[in-house]
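Have a look at the structure below, then the notes.
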Amino acid sequence: MLQSGNMKRIVVFGGGTGLSTLLRGLKKHRVDLTAIVTVADDGGSSGRLLDAYDIPPPGDIRQVMAALSDVEPLIEKMFQYRFATEDDLKGHSLGNLMLAALTDITGDFARAVEKMGRVLNIKGKVYPAANQRITLHAELDDGTIVTGESKIPVYGSKIRKVYLSPQEVQPLPETVETINKADLIIFGPGSLYTSILPTILVRDIRDAVVNCKAKKLFINNLTTQEGETYQYTASEHVQALYEHANERFIDTVLLNGTDLNGLFAGQDHMERPWPVENDIAALEQLVPHIVVEDISTVSDGRVIHDADKVASWIMSYMDHAEIE
């Protein structure tokens, strides 16, 4: 792992491909990186291991560790490998199984993540948002309560709020300590209700984020997500963050400036991805600084954040914030 020395300390929150993409760009720079990752996943391989071993689901952790790893490509590919056989291994990724095995050996999920990080020679630190099994719930606009992260997007109804059970979840002490020492805290990109928000529903994490002196940056999504944020504007993403934290805490929002509508021409209006509307006037009422940059790219037919562009902008932003 990198030694922090005088490097800038960046703490990134979330999970899934959005967080992994961002970290692949940031790890190329000389920074002290920490990822605080959601452990609310209850679907697929993670859900099966959660039920079988009563451990926090390892899927998002695995993706983040793979993104931060500095090993031979074949080792990373093996860690991410998903079995396709017809036996009990079908659907499991090797990395998930390794994390489950290490948890059983060490008796502690967080320690298993730490030891696996050494094996993968990750550039930074990875902490689960909670070191225990938790469940994510959503209250929909019609009052329906949906239980389970994987089930929430299926309903297709507007989400009023999400919350955890048990409610009094304790983070790792080093998580809070790392937040308090951070120079920059980043939320997004990623699934708003099922990846980003669950990390600040842990009370001590939320309090540390709100009260620490670090600059707080929100990287908005490029498109909205069916079942979670369909037709959400940029300001509605930020407002959801504030409502769940019970505090306005974001200093800067980074928005994509590329017109994406042409990429989805010809697709069904109700089914195609919906580019996030940059409603600047509404955002100006919520955050002090708004930045619009060309930060998107197309990969395998999907619009994603350009990891290198975003990382380069973040480094420039930190230099400017230091001068201020």
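Chain identifiers are assigned as A, B, and so on, following the order in which chains appear in the structure tokens; residues are numbered from 1 within each chain, and ligands are numbered from 1 in order of appearance.
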Inset, instruction - Write out as a list in words the residues lying within 9 Å of Gln167 in chain A, counting only C-alpha atoms and excluding same-chain residues fewer than 3 positions away. - result: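 Here the answer would be Ile134, Tyr163, Leu164, Leu201, Val202 and Arg203 of chain A.
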Close residues, Met78 in chain A itself excluded, 10 Å, only C-alpha atoms, min 6 positions apart in chain, as a PDB file with C-alpha atoms, in the first residue's frame:
ATOM      1  CA  SER A  93     -17.257 -14.709  -7.992  1.00  0.00           C
ATOM      2  CA  LEU A  94     -13.954 -16.063  -6.755  1.00  0.00           C
ATOM      3  CA  GLY A  95     -13.236 -12.803  -4.934  1.00  0.00           C
TER       4      GLY A  95
END
Legend entry - A:Ile290, A:Ile105, A:Val113, A:Ile314 ranked by distance to Met65 in chain A, top pick (using only C-alpha atoms):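 Closest to Met65 in chain A of all the choices is A:Val113.
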Legend entry - Gap from CA of Val162 in chain A to CA of Ile145 in chain A - Å, one decimal: 9.4 Å
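Restricting the calculation to only C-alpha atoms, the smallest distance between Asn6 in chain A and any of A:Leu23, A:Asp70, A:Asp183, A:His289 is found for A:Asp183.
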Legend entry - Within 10 Å of Ala240 in chain A using only C-alpha atoms, minus same-chain residues under 4 positions, as a ChimeraX atom specification: /A:159-162,192-193,197,235-236,244-246
Inset, instruction - Rank A:Leu136, A:Thr175, A:Ile122, A:Ala182 by their smallest atom-to-atom distance to Lys28 in chain A, using only C-alpha atoms, and report the top residue only. - result: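 Of A:Leu136, A:Thr175, A:Ile122, A:Ala182, the one nearest Lys28 in chain A, counting only C-alpha atoms, is A:Ile122.
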Inset, instruction - Measuring atom to atom with only C-alpha atoms, identify which of A:Val39, A:Ile219, A:Pro58, A:Asp279 is nearest to Ala311 in chain A. - result: A:Ile219
Legend entry - Best match for closeness to Ala35 in chain A among A:Ile304, A:Val11, A:Val276, A:Val154, counting only C-alpha atoms: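 Ranking A:Ile304, A:Val11, A:Val276, A:Val154 by distance to Ala35 in chain A, first place goes to A:Val11.
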Legend entry - Which of range 34-236 of chain A fall in alpha helix (DSSP H), as a VMD selection string: chain A and resid 44 to 53 59 to 68 73 to 80 94 to 106 109 to 120 173 to 181 197 to 200 203 to 211 234 to 236
Show which residues sit within 8 Å of Val176 in chain A, as a PDB file with N, CA, C and O atoms, in the first residue's frame. Count only C-alpha atoms, and ignore same-chain residues fewer than 4 positions away.
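selection.pdb written:
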ATOM      1  N   PRO A 171     -19.690   2.156  12.943  1.00  0.00           N
ATOM      2  CA  PRO A 171     -18.619   1.998  11.944  1.00  0.00           C
ATOM      3  C   PRO A 171     -17.318   1.592  12.622  1.00  0.00           C
ATOM      4  O   PRO A 171     -17.198   1.635  13.855  1.00  0.00           O
ATOM      5  N   LEU A 172     -16.341   1.221  11.828  1.00  0.00           N
ATOM      6  CA  LEU A 172     -15.008   0.973  12.369  1.00  0.00           C
ATOM      7  C   LEU A 172     -14.430   2.281  12.904  1.00  0.00           C
ATOM      8  O   LEU A 172     -14.607   3.338  12.284  1.00  0.00           O
ATOM      9  N   ASN A 180     -12.145  12.305   9.586  1.00  0.00           N
ATOM     10  CA  ASN A 180     -11.735  13.510  10.311  1.00  0.00           C
ATOM     11  C   ASN A 180     -10.419  14.079   9.795  1.00  0.00           C
ATOM     12  O   ASN A 180     -10.175  15.284   9.904  1.00  0.00           O
ATOM     13  N   ASP A 204     -22.620   7.683  12.931  1.00  0.00           N
ATOM     14  CA  ASP A 204     -21.301   8.240  13.245  1.00  0.00           C
ATOM     15  C   ASP A 204     -20.547   8.657  11.989  1.00  0.00           C
ATOM     16  O   ASP A 204     -19.760   9.615  12.017  1.00  0.00           O
ATOM     17  N   ILE A 205     -20.779   7.963  10.890  1.00  0.00           N
ATOM     18  CA  ILE A 205     -20.175   8.355   9.617  1.00  0.00           C
ATOM     19  C   ILE A 205     -20.779   9.668   9.142  1.00  0.00           C
ATOM     20  O   ILE A 205     -20.064  10.590   8.729  1.00  0.00           O
ATOM     21  N   ALA A 208     -19.465  12.544  11.234  1.00  0.00           N
ATOM     22  CA  ALA A 208     -18.073  12.851  10.911  1.00  0.00           C
ATOM     23  C   ALA A 208     -17.970  13.618   9.603  1.00  0.00           C
ATOM     24  O   ALA A 208     -17.211  14.582   9.487  1.00  0.00           O
TER      25      ALA A 208
END
Legend entry - CA of Thr34 in chain A to CA of Tyr127 in chain A, straight-line distance in Å: 7.5 Å
Legend entry - Residue list (strand (DSSP E or B), DSSP) for range 31-124 of chain A, as a count of residues only: 9
Inset, instruction - Might you pull out every residue within 12 Å of Arg248 in chain A, with only C-alpha atoms counted and same-chain residues fewer than 5 positions away left off, and present them as a ChimeraX atom specification? - result: /A:206,209-211,216,238-243,285-288
Those same residues, written as a PDB file, in the first residue's frame with C-alpha atoms?
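Once written, again-v1.pdb looks like this:
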ATOM      1  CA  ARG A 206     -22.774  10.998   8.792  1.00  0.00           C
ATOM      2  CA  VAL A 209     -18.726  13.879   7.303  1.00  0.00           C
ATOM      3  CA  VAL A 210     -20.887  16.857   8.250  1.00  0.00           C
ATOM      4  CA  ASN A 211     -18.517  18.132  10.938  1.00  0.00           C
ATOM      5  CA  LYS A 216     -17.061  17.866   0.194  1.00  0.00           C
ATOM      6  CA  VAL A 238     -28.261  16.742  -4.043  1.00  0.00           C
ATOM      7  CA  GLN A 239     -31.518  17.346  -2.193  1.00  0.00           C
ATOM      8  CA  ALA A 240     -31.807  13.601  -1.488  1.00  0.00           C
ATOM      9  CA  LEU A 241     -28.307  13.678   0.032  1.00  0.00           C
ATOM     10  CA  TYR A 242     -29.272  16.580   2.280  1.00  0.00           C
ATOM     11  CA  GLU A 243     -32.553  15.029   3.385  1.00  0.00           C
ATOM     12  CA  GLN A 285     -29.739  27.459  -3.944  1.00  0.00           C
ATOM     13  CA  LEU A 286     -28.158  24.266  -2.555  1.00  0.00           C
ATOM     14  CA  VAL A 287     -24.372  24.408  -3.062  1.00  0.00           C
ATOM     15  CA  PRO A 288     -21.744  27.191  -3.126  1.00  0.00           C
TER      16      PRO A 288
END
Legend entry - Residue neighbourhood range 221-230 of chain A, 7 Å, only C-alpha atoms, exclusion window fewer than 4 positions, as an NGL selection string: :A and (153-159 or 189-190 or 193 or 256 or 273-276)
Legend entry - Met7 in chain A surroundings by only C-alpha atoms, 12 Å radius, close-in-sequence under 4 positions cut, as a list in words: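 Listed by chain and then number, they are Leu2, Gln3, His29, Arg30, Val31, Asp32, Leu33, Gly124, Lys181, Ala182, Asp183, Leu184, Met315, Met318 and Asp319 of chain A.
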Residue subset to file, keeping N, CA, C and O atoms, as a CSV table (one decimal), in the first residue's frame:
chain,number,residue,atom,x,y,z
A,2,LEU,N,0.3,2.3,-0.5
A,2,LEU,CA,1.0,3.6,-0.5
A,2,LEU,C,1.2,4.2,0.9
A,2,LEU,O,0.3,4.0,1.7
A,3,GLN,N,2.3,4.8,1.2
A,3,GLN,CA,2.4,5.5,2.4
A,3,GLN,C,2.0,6.9,2.3
A,3,GLN,O,2.2,7.5,1.3
A,29,HIS,N,-2.7,8.8,-9.4
A,29,HIS,CA,-2.2,10.0,-8.9
A,29,HIS,C,-1.6,9.8,-7.5
A,29,HIS,O,-1.9,8.8,-6.8
A,30,ARG,N,-0.7,10.7,-7.1
A,30,ARG,CA,-0.1,10.5,-5.8
A,30,ARG,C,-1.0,11.1,-4.7
A,30,ARG,O,-0.8,12.3,-4.2
A,31,VAL,N,-1.9,10.3,-4.2
A,31,VAL,CA,-2.9,10.7,-3.2
A,31,VAL,C,-3.0,9.5,-2.2
A,31,VAL,O,-2.8,8.4,-2.6
A,32,ASP,N,-3.5,9.8,-1.0
A,32,ASP,CA,-3.8,8.8,0.0
A,32,ASP,C,-5.3,8.5,-0.1
A,32,ASP,O,-6.1,9.3,0.3
A,33,LEU,N,-5.6,7.4,-0.7
A,33,LEU,CA,-7.0,7.1,-1.0
A,33,LEU,C,-7.6,6.2,0.0
A,33,LEU,O,-7.0,5.2,0.5
A,124,GLY,N,-4.3,2.1,-1.5
A,124,GLY,CA,-5.2,2.8,-0.6
A,124,GLY,C,-5.8,1.9,0.4
A,124,GLY,O,-5.2,0.8,0.7
A,181,LYS,N,-9.6,13.2,9.2
A,181,LYS,CA,-8.3,13.7,8.7
A,181,LYS,C,-8.3,14.0,7.2
A,181,LYS,O,-7.3,14.4,6.7
A,182,ALA,N,-9.4,13.8,6.6
A,182,ALA,CA,-9.5,14.0,5.1
A,182,ALA,C,-9.3,15.4,4.7
A,182,ALA,O,-9.7,16.3,5.4
A,183,ASP,N,-8.7,15.6,3.5
A,183,ASP,CA,-8.7,16.8,2.8
A,183,ASP,C,-9.8,17.0,1.8
A,183,ASP,O,-10.3,18.1,1.6
A,184,LEU,N,-10.3,15.9,1.3
A,184,LEU,CA,-11.4,16.0,0.3
A,184,LEU,C,-12.3,14.7,0.5
A,184,LEU,O,-11.8,13.6,0.6
A,315,MET,N,-7.7,16.5,-9.0
A,315,MET,CA,-6.4,17.0,-8.6
A,315,MET,C,-6.3,18.5,-8.7
A,315,MET,O,-5.7,19.2,-7.8
A,318,MET,N,-8.3,20.2,-6.0
A,318,MET,CA,-7.7,20.2,-4.7
A,318,MET,C,-6.6,21.3,-4.6
A,318,MET,O,-6.4,21.9,-3.6
A,319,ASP,N,-5.8,21.5,-5.7
A,319,ASP,CA,-4.8,22.5,-5.7
A,319,ASP,C,-5.4,23.9,-5.5
A,319,ASP,O,-4.9,24.7,-4.8
Inset, instruction - Between A:Thr144, A:His320, A:Glu247, A:Leu97, single out the one closest to Lys215 in chain A, counting only C-alpha atoms. - result: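 So, comparing all the options, the nearest one is A:His320.
We find CA of Met116 in chain A and CA of Ala67 in chain A to be spaced 13.3 Å apart.
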